Structures are given as structure tokens and as C-alpha cells.
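Q: Sharing query-v5.tsv below, TSV, N, CA and C atoms:
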chain	number	residue	atom	x	y	z
A	1346	MET	N	17.79	89.32	21.07
A	1346	MET	CA	18.11	88.68	22.31
A	1346	MET	C	17.53	87.29	22.40
A	1347	SER	N	16.64	86.90	21.51
A	1347	SER	CA	16.04	85.58	21.58
A	1347	SER	C	17.04	84.49	21.20
A	1348	THR	N	18.15	84.85	20.58
A	1348	THR	CA	19.14	83.85	20.20
A	1348	THR	C	20.19	83.61	21.28
A	1349	SER	N	20.18	84.42	22.34
A	1349	SER	CA	21.17	84.24	23.40
A	1349	SER	C	20.83	83.01	24.23
A	1350	THR	N	21.84	82.43	24.83
A	1350	THR	CA	21.63	81.25	25.66
A	1350	THR	C	21.69	81.64	27.12
A	1351	THR	N	21.08	80.82	27.95
A	1351	THR	CA	21.08	81.07	29.39
A	1351	THR	C	21.97	80.05	30.08
A	1352	ASP	N	22.36	80.37	31.30
A	1352	ASP	CA	23.19	79.48	32.08
A	1352	ASP	C	22.42	78.31	32.67
A	1353	THR	N	21.12	78.43	32.76
A	1353	THR	CA	20.33	77.42	33.45
A	1353	THR	C	20.23	76.11	32.67
A	1354	GLY	N	20.07	76.19	31.38
A	1354	GLY	CA	19.95	74.98	30.57
A	1354	GLY	C	18.77	74.13	31.00
A	1355	SER	N	17.70	74.78	31.45
A	1355	SER	CA	16.57	74.05	32.04
A	1355	SER	C	15.80	73.21	31.03
A	1356	VAL	N	15.60	73.70	29.84
A	1356	VAL	CA	14.87	72.96	28.83
A	1356	VAL	C	15.78	72.76	27.63
A	1357	GLN	N	15.84	71.50	27.20
A	1357	GLN	CA	16.71	71.18	26.08
A	1357	GLN	C	15.88	71.24	24.80
A	1358	ASP	N	16.24	72.11	23.89
A	1358	ASP	CA	15.54	72.27	22.62
A	1358	ASP	C	15.83	71.06	21.74
A	1359	SER	N	14.81	70.56	21.04
A	1359	SER	CA	15.00	69.39	20.19
A	1359	SER	C	16.00	69.66	19.08
A	1360	ALA	N	16.19	70.91	18.69
A	1360	ALA	CA	17.16	71.24	17.65
A	1360	ALA	C	18.59	71.00	18.15
A	1361	GLU	N	18.78	71.03	19.48
A	1361	GLU	CA	20.11	70.82	20.04
A	1361	GLU	C	20.45	69.34	20.22
A	1362	LEU	N	19.45	68.47	20.14
A	1362	LEU	CA	19.67	67.06	20.37
A	1362	LEU	C	20.36	66.42	19.17
A	1363	THR	N	21.23	65.48	19.45
A	1363	THR	CA	21.88	64.75	18.37
A	1363	THR	C	21.04	63.53	18.03
A	1364	ALA	N	21.25	62.98	16.85
A	1364	ALA	CA	20.53	61.79	16.43
A	1364	ALA	C	21.39	60.56	16.71
A	1365	HIS	N	20.74	59.41	16.81
A	1365	HIS	CA	21.46	58.15	17.00
A	1365	HIS	C	21.20	57.26	15.79
A	1366	GLU	N	21.86	56.12	15.75
A	1366	GLU	CA	21.76	55.21	14.60
A	1366	GLU	C	20.97	53.95	14.91
A	1367	VAL	N	20.06	54.02	15.88
A	1367	VAL	CA	19.19	52.88	16.19
A	1367	VAL	C	17.96	52.99	15.30
A	1368	ASN	N	17.55	51.86	14.71
A	1368	ASN	CA	16.37	51.85	13.86
A	1368	ASN	C	15.23	51.15	14.58
A	1369	LEU	N	14.03	51.65	14.39
A	1369	LEU	CA	12.82	51.07	14.96
A	1369	LEU	C	11.94	50.66	13.79
A	1370	SER	N	11.61	49.37	13.72
A	1370	SER	CA	10.78	48.88	12.61
A	1370	SER	C	9.38	49.49	12.72
A	1371	ASP	N	8.65	49.46	11.61
A	1371	ASP	CA	7.28	49.98	11.60
A	1371	ASP	C	6.40	49.18	12.57
A	1372	VAL	N	6.63	47.86	12.64
A	1372	VAL	CA	5.85	47.01	13.55
A	1372	VAL	C	6.13	47.40	15.00
A	1373	ALA	N	7.41	47.59	15.34
A	1373	ALA	CA	7.77	47.99	16.71
A	1373	ALA	C	7.23	49.37	17.04
A	1374	ALA	N	7.31	50.30	16.09
A	1374	ALA	CA	6.78	51.65	16.32
A	1374	ALA	C	5.28	51.59	16.57
A	1375	GLY	N	4.58	50.75	15.82
A	1375	GLY	CA	3.14	50.58	16.01
A	1375	GLY	C	2.82	50.01	17.39
A	1376	LYS	N	3.63	49.06	17.84
A	1376	LYS	CA	3.42	48.46	19.17
A	1376	LYS	C	3.67	49.50	20.26
A	1377	VAL	N	4.73	50.28	20.14
A	1377	VAL	CA	5.02	51.33	21.12
A	1377	VAL	C	3.87	52.32	21.16
A	1378	ARG	N	3.41	52.75	19.98
A	1378	ARG	CA	2.30	53.70	19.89
A	1378	ARG	C	1.06	53.13	20.58
A	1379	SER	N	0.77	51.86	20.34
A	1379	SER	CA	-0.38	51.18	20.94
A	1379	SER	C	-0.26	51.14	22.47
A	1380	LEU	N	0.92	50.81	22.97
A	1380	LEU	CA	1.14	50.75	24.42
A	1380	LEU	C	0.97	52.13	25.06
A	1381	LEU	N	1.47	53.15	24.39
A	1381	LEU	CA	1.33	54.52	24.92
A	1381	LEU	C	-0.13	54.96	24.92
A	1382	GLU	N	-0.87	54.59	23.88
A	1382	GLU	CA	-2.29	54.94	23.82
A	1382	GLU	C	-3.06	54.22	24.93
A	1383	GLN	N	-2.71	52.96	25.20
A	1383	GLN	CA	-3.37	52.20	26.27
A	1383	GLN	C	-3.14	52.87	27.63
A	1384	GLU	N	-1.95	53.40	27.81
A	1384	GLU	CA	-1.61	54.06	29.07
A	1384	GLU	C	-2.12	55.50	29.12
A	1385	GLY	N	-2.52	56.04	27.97
A	1385	GLY	CA	-2.96	57.43	27.91
A	1385	GLY	C	-1.82	58.40	28.15
A	1386	ARG	N	-0.61	58.02	27.74
A	1386	ARG	CA	0.59	58.83	28.01
A	1386	ARG	C	1.30	59.18	26.70
A	1387	THR	N	0.93	60.26	26.10
A	1387	THR	CA	1.59	60.69	24.87
A	1387	THR	C	2.88	61.45	25.16
A	1388	ASP	N	3.19	61.67	26.45
A	1388	ASP	CA	4.39	62.41	26.83
A	1388	ASP	C	5.61	61.50	27.02
A	1389	LEU	N	5.44	60.19	26.83
A	1389	LEU	CA	6.55	59.25	27.05
A	1389	LEU	C	7.28	58.93	25.76
A	1390	ARG	N	8.55	58.57	25.93
A	1390	ARG	CA	9.41	58.15	24.82
A	1390	ARG	C	9.96	56.76	25.14
A	1391	LEU	N	10.39	56.05	24.12
A	1391	LEU	CA	11.04	54.75	24.34
A	1391	LEU	C	12.52	54.99	24.54
A	1392	ARG	N	13.02	54.62	25.72
A	1392	ARG	CA	14.44	54.75	26.00
A	1392	ARG	C	15.10	53.39	25.82
A	1393	VAL	N	16.21	53.38	25.07
A	1393	VAL	CA	16.99	52.17	24.84
A	1393	VAL	C	18.36	52.42	25.44
A	1394	ALA	N	18.82	51.50	26.27
A	1394	ALA	CA	20.10	51.69	26.94
A	1394	ALA	C	20.84	50.37	27.05
A	1395	VAL	N	22.13	50.46	27.26
A	1395	VAL	CA	22.98	49.30	27.53
A	1395	VAL	C	23.51	49.47	28.94
A	1396	GLN	N	23.37	48.43	29.75
A	1396	GLN	CA	23.81	48.47	31.15
A	1396	GLN	C	24.72	47.28	31.43
A	1397	PRO	N	25.67	47.43	32.35
A	1397	PRO	CA	26.47	46.27	32.76
A	1397	PRO	C	25.57	45.23	33.41
A	1398	GLY	N	25.84	43.95	33.12
A	1398	GLY	CA	25.05	42.88	33.75
A	1398	GLY	C	24.90	41.70	32.82
A	1399	GLY	N	24.17	40.71	33.27
A	1399	GLY	CA	23.95	39.49	32.48
A	1399	GLY	C	25.19	38.62	32.47
A	1400	CYS	N	25.07	37.44	31.91
A	1400	CYS	CA	26.19	36.50	31.92
A	1400	CYS	C	27.23	36.80	30.85
A	1401	SER	N	26.93	37.70	29.90
A	1401	SER	CA	27.91	38.06	28.88
A	1401	SER	C	28.49	39.46	29.07
A	1402	GLY	N	28.04	40.18	30.09
A	1402	GLY	CA	28.65	41.47	30.39
A	1402	GLY	C	27.77	42.69	30.23
A	1403	LEU	N	26.88	42.71	29.21
A	1403	LEU	CA	26.01	43.86	28.97
A	1403	LEU	C	24.59	43.39	28.70
A	1404	ILE	N	23.63	44.16	29.17
A	1404	ILE	CA	22.23	43.85	28.90
A	1404	ILE	C	21.54	45.07	28.30
A	1405	TYR	N	20.50	44.80	27.53
A	1405	TYR	CA	19.68	45.87	26.96
A	1405	TYR	C	18.60	46.26	27.95
A	1406	GLN	N	18.25	47.53	27.94
A	1406	GLN	CA	17.14	48.04	28.72
A	1406	GLN	C	16.23	48.81	27.77
A	1407	LEU	N	14.96	48.48	27.76
A	1407	LEU	CA	13.96	49.22	27.00
A	1407	LEU	C	12.86	49.60	27.98
A	1408	TYR	N	12.57	50.88	28.07
A	1408	TYR	CA	11.50	51.32	28.96
A	1408	TYR	C	11.01	52.69	28.52
A	1409	PHE	N	9.85	53.06	29.02
A	1409	PHE	CA	9.28	54.36	28.71
A	1409	PHE	C	9.83	55.39	29.68
A	1410	ASP	N	10.13	56.56	29.15
A	1410	ASP	CA	10.72	57.62	29.96
A	1410	ASP	C	10.12	58.95	29.54
A	1411	GLU	N	9.80	59.78	30.51
A	1411	GLU	CA	9.27	61.11	30.20
A	1411	GLU	C	10.38	62.14	30.11
A	1412	ARG	N	11.57	61.77	30.54
A	1412	ARG	CA	12.68	62.73	30.59
A	1412	ARG	C	13.55	62.66	29.34
A	1413	VAL	N	14.13	63.80	29.01
A	1413	VAL	CA	15.20	63.87	28.02
A	1413	VAL	C	16.39	64.45	28.79
A	1414	LEU	N	17.43	63.65	28.93
A	1414	LEU	CA	18.58	64.05	29.73
A	1414	LEU	C	19.67	64.70	28.89
A	1415	ASP	N	20.53	65.43	29.53
A	1415	ASP	CA	21.65	66.07	28.85
A	1415	ASP	C	22.50	65.02	28.14
A	1416	GLY	N	22.76	65.21	26.87
A	1416	GLY	CA	23.58	64.28	26.11
A	1416	GLY	C	22.80	63.18	25.41
A	1417	ASP	N	21.49	63.08	25.66
A	1417	ASP	CA	20.68	62.07	25.00
A	1417	ASP	C	20.63	62.30	23.49
A	1418	ALA	N	20.59	61.20	22.75
A	1418	ALA	CA	20.38	61.26	21.30
A	1418	ALA	C	18.95	60.81	21.04
A	1419	VAL	N	18.25	61.52	20.17
A	1419	VAL	CA	16.83	61.26	19.93
A	1419	VAL	C	16.58	61.08	18.44
A	1420	ARG	N	15.66	60.19	18.13
A	1420	ARG	CA	15.24	59.99	16.75
A	1420	ARG	C	13.73	59.72	16.75
A	1421	ASP	N	13.03	60.32	15.82
A	1421	ASP	CA	11.58	60.18	15.73
A	1421	ASP	C	11.21	59.18	14.64
A	1422	PHE	N	10.32	58.26	14.97
A	1422	PHE	CA	9.82	57.27	14.01
A	1422	PHE	C	8.31	57.44	13.91
A	1423	ASP	N	7.89	58.33	13.03
A	1423	ASP	CA	6.48	58.59	12.78
A	1423	ASP	C	5.72	58.85	14.07
A	1424	GLY	N	6.26	59.76	14.88
A	1424	GLY	CA	5.60	60.15	16.12
A	1424	GLY	C	6.05	59.39	17.36
A	1425	VAL	N	6.87	58.36	17.19
A	1425	VAL	CA	7.41	57.61	18.33
A	1425	VAL	C	8.86	58.02	18.49
A	1426	GLU	N	9.17	58.68	19.61
A	1426	GLU	CA	10.55	59.10	19.86
A	1426	GLU	C	11.32	57.99	20.57
A	1427	VAL	N	12.52	57.71	20.05
A	1427	VAL	CA	13.42	56.74	20.66
A	1427	VAL	C	14.63	57.52	21.17
A	1428	ILE	N	14.95	57.32	22.45
A	1428	ILE	CA	16.04	58.04	23.10
A	1428	ILE	C	17.13	57.06	23.49
A	1429	VAL	N	18.39	57.46	23.25
A	1429	VAL	CA	19.55	56.66	23.66
A	1429	VAL	C	20.50	57.59	24.42
A	1430	ASP	N	20.92	57.17	25.60
A	1430	ASP	CA	21.86	58.00	26.36
A	1430	ASP	C	23.23	57.99	25.69
A	1431	LYS	N	24.03	59.02	25.96
A	1431	LYS	CA	25.30	59.18	25.23
A	1431	LYS	C	26.28	58.03	25.47
A	1432	MET	N	26.21	57.37	26.62
A	1432	MET	CA	27.12	56.24	26.88
A	1432	MET	C	26.73	55.00	26.08
A	1433	SER	N	25.43	54.85	25.76
A	1433	SER	CA	24.95	53.67	25.04
A	1433	SER	C	25.03	53.82	23.52
A	1434	VAL	N	25.13	55.05	23.03
A	1434	VAL	CA	25.11	55.30	21.58
A	1434	VAL	C	26.12	54.43	20.82
A	1435	PRO	N	27.41	54.36	21.23
A	1435	PRO	CA	28.35	53.55	20.45
A	1435	PRO	C	28.03	52.05	20.46
A	1436	TYR	N	27.46	51.56	21.54
A	1436	TYR	CA	27.11	50.14	21.63
A	1436	TYR	C	25.91	49.78	20.77
A	1437	LEU	N	25.08	50.77	20.47
A	1437	LEU	CA	23.83	50.52	19.76
A	1437	LEU	C	23.81	51.05	18.33
A	1438	SER	N	24.91	51.60	17.86
A	1438	SER	CA	24.96	52.16	16.52
A	1438	SER	C	24.66	51.07	15.48
A	1439	GLY	N	23.64	51.30	14.67
A	1439	GLY	CA	23.26	50.35	13.63
A	1439	GLY	C	22.32	49.26	14.11
A	1440	ALA	N	21.95	49.25	15.39
A	1440	ALA	CA	21.05	48.23	15.92
A	1440	ALA	C	19.63	48.47	15.42
A	1441	SER	N	18.87	47.38	15.30
A	1441	SER	CA	17.48	47.45	14.87
A	1441	SER	C	16.58	46.85	15.93
A	1442	ILE	N	15.51	47.56	16.24
A	1442	ILE	CA	14.53	47.07	17.21
A	1442	ILE	C	13.28	46.68	16.44
A	1443	ASP	N	12.80	45.47	16.72
A	1443	ASP	CA	11.60	44.96	16.06
A	1443	ASP	C	10.67	44.41	17.14
A	1444	PHE	N	9.47	44.05	16.74
A	1444	PHE	CA	8.53	43.42	17.67
A	1444	PHE	C	8.02	42.15	17.03
A	1445	GLU	N	8.13	41.02	17.75
A	1445	GLU	CA	7.64	39.73	17.26
A	1445	GLU	C	6.41	39.33	18.04
A	1446	ASP	N	5.44	38.79	17.33
A	1446	ASP	CA	4.22	38.29	17.97
A	1446	ASP	C	3.86	36.97	17.29
A	1447	THR	N	4.53	35.91	17.73
A	1447	THR	CA	4.28	34.58	17.18
A	1447	THR	C	3.94	33.62	18.31
A	1448	ILE	N	3.62	32.40	17.97
A	1448	ILE	CA	3.30	31.40	18.99
A	1448	ILE	C	4.51	31.15	19.89
A	1449	SER	N	5.70	31.16	19.32
A	1449	SER	CA	6.90	30.84	20.11
A	1449	SER	C	7.51	32.04	20.81
A	1450	LYS	N	7.20	33.25	20.37
A	1450	LYS	CA	7.84	34.42	20.97
A	1450	LYS	C	6.98	35.65	20.82
A	1451	GLN	N	6.90	36.42	21.91
A	1451	GLN	CA	6.24	37.72	21.84
A	1451	GLN	C	7.09	38.73	22.59
A	1452	GLY	N	7.42	39.82	21.93
A	1452	GLY	CA	8.18	40.87	22.59
A	1452	GLY	C	9.09	41.60	21.63
A	1453	PHE	N	9.78	42.59	22.18
A	1453	PHE	CA	10.72	43.38	21.39
A	1453	PHE	C	12.03	42.61	21.23
A	1454	THR	N	12.61	42.71	20.05
A	1454	THR	CA	13.90	42.08	19.79
A	1454	THR	C	14.88	43.15	19.32
A	1455	ILE	N	16.16	42.94	19.61
A	1455	ILE	CA	17.20	43.87	19.19
A	1455	ILE	C	18.24	43.09	18.39
A	1456	ASP	N	18.45	43.52	17.17
A	1456	ASP	CA	19.50	42.96	16.32
A	1456	ASP	C	20.63	43.98	16.32
A	1457	ASN	N	21.75	43.62	16.96
A	1457	ASN	CA	22.84	44.56	17.16
A	1457	ASN	C	24.12	44.06	16.48
A	1458	PRO	N	24.57	44.74	15.41
A	1458	PRO	CA	25.80	44.32	14.73
A	1458	PRO	C	27.06	44.52	15.58
A	1459	ASN	N	26.97	45.29	16.67
A	1459	ASN	CA	28.12	45.54	17.53
A	1459	ASN	C	28.34	44.45	18.58
A	1460	ALA	N	27.37	43.57	18.75
A	1460	ALA	CA	27.50	42.51	19.76
A	1460	ALA	C	28.49	41.46	19.26
A	1461	GLY	N	29.53	41.26	20.02
A	1461	GLY	CA	30.55	40.27	19.65
A	1461	GLY	C	30.09	38.86	19.90
A	1462	GLY	N	29.13	38.67	20.76
A	1462	GLY	CA	28.58	37.37	21.09
A	1462	GLY	C	27.53	37.56	22.16
A	1463	SER	N	26.72	36.53	22.35
A	1463	SER	CA	25.69	36.63	23.37
A	1463	SER	C	25.64	35.34	24.17
A	1464	CYS	N	24.90	35.37	25.25
A	1464	CYS	CA	24.78	34.18	26.09
A	1464	CYS	C	23.70	33.28	25.54
A	1465	ALA	N	23.60	32.09	26.08
A	1465	ALA	CA	22.63	31.12	25.60
A	1465	ALA	C	21.18	31.61	25.76
A	1466	CYS	N	20.93	32.37	26.82
A	1466	CYS	CA	19.55	32.86	27.04
A	1466	CYS	C	19.21	34.01	26.11
A	1467	GLY	N	20.21	34.65	25.51
A	1467	GLY	CA	19.98	35.73	24.56
A	1467	GLY	C	19.69	37.08	25.19
A	1468	ASP	N	19.79	37.17	26.52
A	1468	ASP	CA	19.47	38.43	27.20
A	1468	ASP	C	20.66	39.36	27.38
A	1469	SER	N	21.87	38.87	27.18
A	1469	SER	CA	23.03	39.75	27.34
A	1469	SER	C	24.02	39.49	26.21
A	1470	PHE	N	24.97	40.42	26.07
A	1470	PHE	CA	25.95	40.35	24.99
A	1470	PHE	C	27.26	40.96	25.43
A	1471	HIS	N	28.27	40.80	24.59
A	1471	HIS	CA	29.56	41.47	24.83
A	1471	HIS	C	30.12	41.99	23.51
As C-alpha cells, how would this structure be written, given the file I've shared?
A:
Amino acid sequence: MSTSTTDTGSVQDSAELTAHEVNLSDVAAGKVRSLLEQEGRTDLRLRVAVQPGGCSGLIYQLYFDERVLDGDAVRDFDGVEVIVDKMSVPYLSGASIDFEDTISKQGFTIDNPNAGGSCACGDSFH
């Protein structure tokens, strides 16, 4: 009887989750891990999403989330879980997330082969 399913669907087993094609660099994974340790929150995951907005039509969203929603795709990078909602998966397939820490720029960057173009500020794409 342990193999039967219930109607409630209250907890989503990680074996049921699908994987996505977003890559997280070792540097970015280290930065995420460091931020989570600073916050003392090992229960959070990095959520990457695409939302309507910006001057080119779509913007990226990166934030920490404790939830795993129905339809989410999850991938683990040496203990750092990256979650993508099912609507964002096709827009982010093959994208790479990195972290830059230079004099001219500090922050997460996304290299997305699916972006047809971006705006001058670099915050949105189509």
C-alpha cells in the first residue's frame, strides 16, 4: 500500500519533479550557498522565473523561495537547488547563471540563448 497515491497531493516527492535545462556556475552556486548561510536558511531554494515586463517584454526574476509548487522543475547544483516554474522552463532552456564580482559589476548574470534581443539597460529581453 505504500506505492498507492493519495488525492491530497500535499507533499511533492522530489522523484516526481522534472528537471530543467538551466545551468548554475560553480561561482554562482558558491554565492547562493554563502547568502543562504548568512541568512541561516538552509530550507530555501533559488527560484528563476521569467515575467512580463521591462522595455523588451520579459524580465528575469531571481529570488529565494521555500516553496516547491506543482509543475516546478528542479535541479541540484552541489546542494544548491534551482527551481523554475513550468511556464518559464521553455524561455530558460539552456540558460546559464553566473555571478560576477568586479570593479565594474557585481551580481548575478544570465546568459540566455533563447533571448531574441534585449534592451539597452540589459534588464529585459524578448
Q: For atom C of Val1372 of chain A and atom C of Arg1412 of chain A, quote the distance in Å rounded to one decimal.
A: 22.2 Å
Q: For atom CA of Gly1398 of chain A and atom C of Val1427 of chain A, quote the distance in Å rounded to one decimal.
A: 21.9 Å
Q: With only C-alpha atoms as the atoms that count, which of A:Ala1364, A:Leu1414, A:Ala1373, A:Leu1391 lies nearest to Ser1441 of chain A?
A: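 Selected residue with least distance to Ser1441 of chain A: A:Ala1373.
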Q: Just checking: using only C-alpha atoms, which residue out of A:Gln1406, A:Val1413, A:Ser1433, A:Gly1424 ends up closest to Thr1454 of chain A?
A: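 Of A:Gln1406, A:Val1413, A:Ser1433, A:Gly1424, the one nearest Thr1454 of chain A is A:Gln1406, counting only C-alpha atoms.
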Q: Would you list the contacts of Glu1426 of chain A as a PyMOL selection string, taking every protein, DNA or RNA residue within 6.5 Å and counting all atoms listed in the file, but skipping same-chain residues closer than 4 positions in sequence?
A: chain A and resi 1389-1392+1419-1422
Q: I'd like to know which of A:Tyr1436, A:Asp1410, A:Val1425, A:Gly1416 is closest to Asp1456 of chain A, using only C-alpha atoms.
A: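 Ranked by minimum distance to Asp1456 of chain A, first place goes to A:Tyr1436.
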Q: DSSP on the backbone: what in segment 1384-1445 of chain A comes out helix (DSSP H, G or I), as a JSON list (two decimals) with N, CA and C atoms, in the frame of the given file?
A:
[["chain", "number", "residue", "atom", "x", "y", "z"],
["A", 1384, "GLU", "N", -1.95, 53.40, 27.81],
["A", 1384, "GLU", "CA", -1.61, 54.06, 29.07],
["A", 1384, "GLU", "C", -2.12, 55.50, 29.12],
["A", 1434, "VAL", "N", 25.13, 55.05, 23.03],
["A", 1434, "VAL", "CA", 25.11, 55.30, 21.58],
["A", 1434, "VAL", "C", 26.12, 54.43, 20.82],
["A", 1435, "PRO", "N", 27.41, 54.36, 21.23],
["A", 1435, "PRO", "CA", 28.35, 53.55, 20.45],
["A", 1435, "PRO", "C", 28.03, 52.05, 20.46],
["A", 1436, "TYR", "N", 27.46, 51.56, 21.54],
["A", 1436, "TYR", "CA", 27.11, 50.14, 21.63],
["A", 1436, "TYR", "C", 25.91, 49.78, 20.77],
["A", 1437, "LEU", "N", 25.08, 50.77, 20.47],
["A", 1437, "LEU", "CA", 23.83, 50.52, 19.76],
["A", 1437, "LEU", "C", 23.81, 51.05, 18.33]]
Q: Enter the distance from atom CA of Pro1435 of chain A to atom CA of Ala1374 of chain A, in Å, rounded to one decimal.
A: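 Atom-to-atom, atom CA of Pro1435 of chain A and atom CA of Ala1374 of chain A are spaced 22.0 Å apart.
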Q: Report as a PyMOL selection string all protein, DNA and RNA residues lying within 12 Å of Lys1376 of chain A, evaluated on only C-alpha atoms, omitting residues in the same chain fewer than 5 positions from it.
A: chain A and resi 1369-1371+1381-1383+1391+1425+1442-1446+1451-1453
